[in-house]
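**Q** Supplied in structure tokens, the structure appears directly below.
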Amino acid sequence: FLRNPLAETRTWWDQWSRLTPEQRLQAAASTLLSAAFHRLGGAIKRTVRFAKRHYNSVFRADNDFYSKTRPSQSGKTEIPKAHLDEMGNLIPANPNGRASITEHILNINKHDSPYISTTSEQGISKRYGKQRIQIDLDKLQEAISKGEVQAEIIGQDRIIQELKQSLEMKKQELNQLIQRENYSKRRYDKLIESIIKLENAIENTRRDKEILIKGIVPNRFISGPENLN
């Protein structure tokens with residue numbers, strides 16, 4: 001899936017860059033605290049509700065499923081991605097890769113990602129390409145359980161948990177940084193940027209109802225590609 005976590009906050013970031021370090025600290029603390037209280041009320045309900053969900057199929061969209069790369073947003077480089085091989089198997093950018101879930105979601109080290117992004121809602125996939133495939137999640141999970149397929153299905157709850165852990169680490173790092181008398185403004189700005197990216201990634205993961213598949217998906221579980229109108 002294509003992602004640009006800062007695109008939705010560009011205007012805000014321009015305003016942020018004009019603040020003094022003290023003003024930034026106050027604004028960041030206020031924003032993070034407000035977000036925490038806003039989400040606290042429904043956090044437990046969302047977790048329980050997700051645990052009860054069952055998805056028969058997931059979907060993935062692309063402009064060219066057989067291409068191993070996609071253009072970056074600048075158009076200057078190519079980014080590795082999941083693709084269909086000549087047999088119709090769905091292959092992650094690197095089946096043996098060591099990139100973390102957080103790195104995959106944030107488009108970091110995509111050349112080393114063993115994950116494939118999918119969505120549980122058919123309509124959402126239209127945002128990400130002109131073609132779509134459908135993966136039979138029930139049969140894939142059954143084959144995984146029997147040891148017939150070496151893959152793993154990673155639900156939205158675990159993805160968000162990983163992102164939240166990364167977010168908490170960045171917040172702790174920021175807190176440690178600002179306790180120093182002469183801290184690096186450049187490092188401060190990078191940490192704030194990372195926090196914004198992770199906050200957006202969590203919201204985007206929820207919005208897209210994202211489910212990851214780690215490993216290769218054999219063609220017998222895949223329908224398509226079909227062209228989208």
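Quick note on naming: the chains in the structure tokens go A, B, ... in the order shown, residues restart at 1 in each chain, and ligands are numbered from 1 in order of appearance.
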Once you count only C-alpha atoms, what closest atom pair and distance in Å to one decimal does each residue of region 112-182 of chain A within 12 Å of region 80-89 of chain A have, with rows by chain and rising residue number, as a Markdown table?
**A**
| residue | atom | partner | partner_atom | distance |
| --- | --- | --- | --- | --- |
| A:Asp112 | CA | A:Pro80 | CA | 8.7 |
| A:Ser113 | CA | A:Lys81 | CA | 8.4 |
| A:Pro114 | CA | A:Ala82 | CA | 8.8 |
| A:Tyr115 | CA | A:Ala82 | CA | 8.0 |
| A:Ile116 | CA | A:Ala82 | CA | 6.1 |
| A:Ser117 | CA | A:Ala82 | CA | 8.3 |
| A:Thr118 | CA | A:Ala82 | CA | 10.6 |
| A:Arg132 | CA | A:Leu84 | CA | 11.8 |
| A:Ile133 | CA | A:Leu84 | CA | 10.1 |
| A:Ile135 | CA | A:Asn89 | CA | 10.9 |
**Q** Show me a table, sorted first by chain and then by increasing residue number, of the residues of region 138-176 of chain A having an atom at most 7 Å from region 185-202 of chain A, each with its shortest atom pair and the distance in Å to one decimal, counting only C-alpha atoms and written as JSON lines.
**A**
{"residue": "A:Ile160", "atom": "CA", "partner": "A:Ile202", "partner_atom": "CA", "distance": 5.9}
{"residue": "A:Leu163", "atom": "CA", "partner": "A:Ile202", "partner_atom": "CA", "distance": 6.5}
{"residue": "A:Leu167", "atom": "CA", "partner": "A:Leu198", "partner_atom": "CA", "distance": 6.0}
{"residue": "A:Lys170", "atom": "CA", "partner": "A:Ile195", "partner_atom": "CA", "distance": 6.5}
{"residue": "A:Leu174", "atom": "CA", "partner": "A:Leu191", "partner_atom": "CA", "distance": 6.3}
**Q** Restricting it to N, CA, C and O atoms, dump the selection as a compact mmCIF listing (two decimals), in the first residue's frame.
**A**
# COMPACT_ATOMS: atom_id res chain seq x y z
N ILE A 160 -1.18 -2.75 15.19
CA ILE A 160 -1.31 -1.53 15.99
C ILE A 160 -0.49 -1.64 17.27
O ILE A 160 0.12 -0.66 17.71
N LEU A 163 3.05 -0.82 16.38
CA LEU A 163 3.20 0.61 16.11
C LEU A 163 3.17 1.41 17.41
O LEU A 163 3.94 2.36 17.59
N LEU A 167 5.91 3.86 18.97
CA LEU A 167 5.53 5.23 19.33
C LEU A 167 5.95 5.55 20.76
O LEU A 167 6.50 6.63 21.03
N LYS A 170 9.64 6.26 21.00
CA LYS A 170 9.99 7.59 20.51
C LYS A 170 9.61 8.67 21.52
O LYS A 170 10.34 9.65 21.70
N LEU A 174 12.14 11.24 23.30
CA LEU A 174 11.92 12.68 23.28
C LEU A 174 11.98 13.25 24.70
O LEU A 174 12.60 14.29 24.94
**Q** Using only C-alpha atoms, which protein or nucleic acid residues come within 9 Å of Ile79 (chain A)? Drop anything in the same chain fewer than 2 positions from it, and give the result as a ChimeraX atom specification.
**A** /A:68-72,77,81,107,110-111
**Q** Please return, as a ChimeraX atom specification, all residues of region 162-198 of chain A that DSSP assigns to helix (DSSP H, G or I) on the basis of the backbone.
**A** /A:162-178,185-198
**Q** Have a look at A:Glu78, A:Asp136, A:Glu168, A:Asp157 and name the one nearest to Lys209 (chain A); count only C-alpha atoms.
**A**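 Ranking A:Glu78, A:Asp136, A:Glu168, A:Asp157 by distance to Lys209 (chain A), first place goes to A:Asp157.
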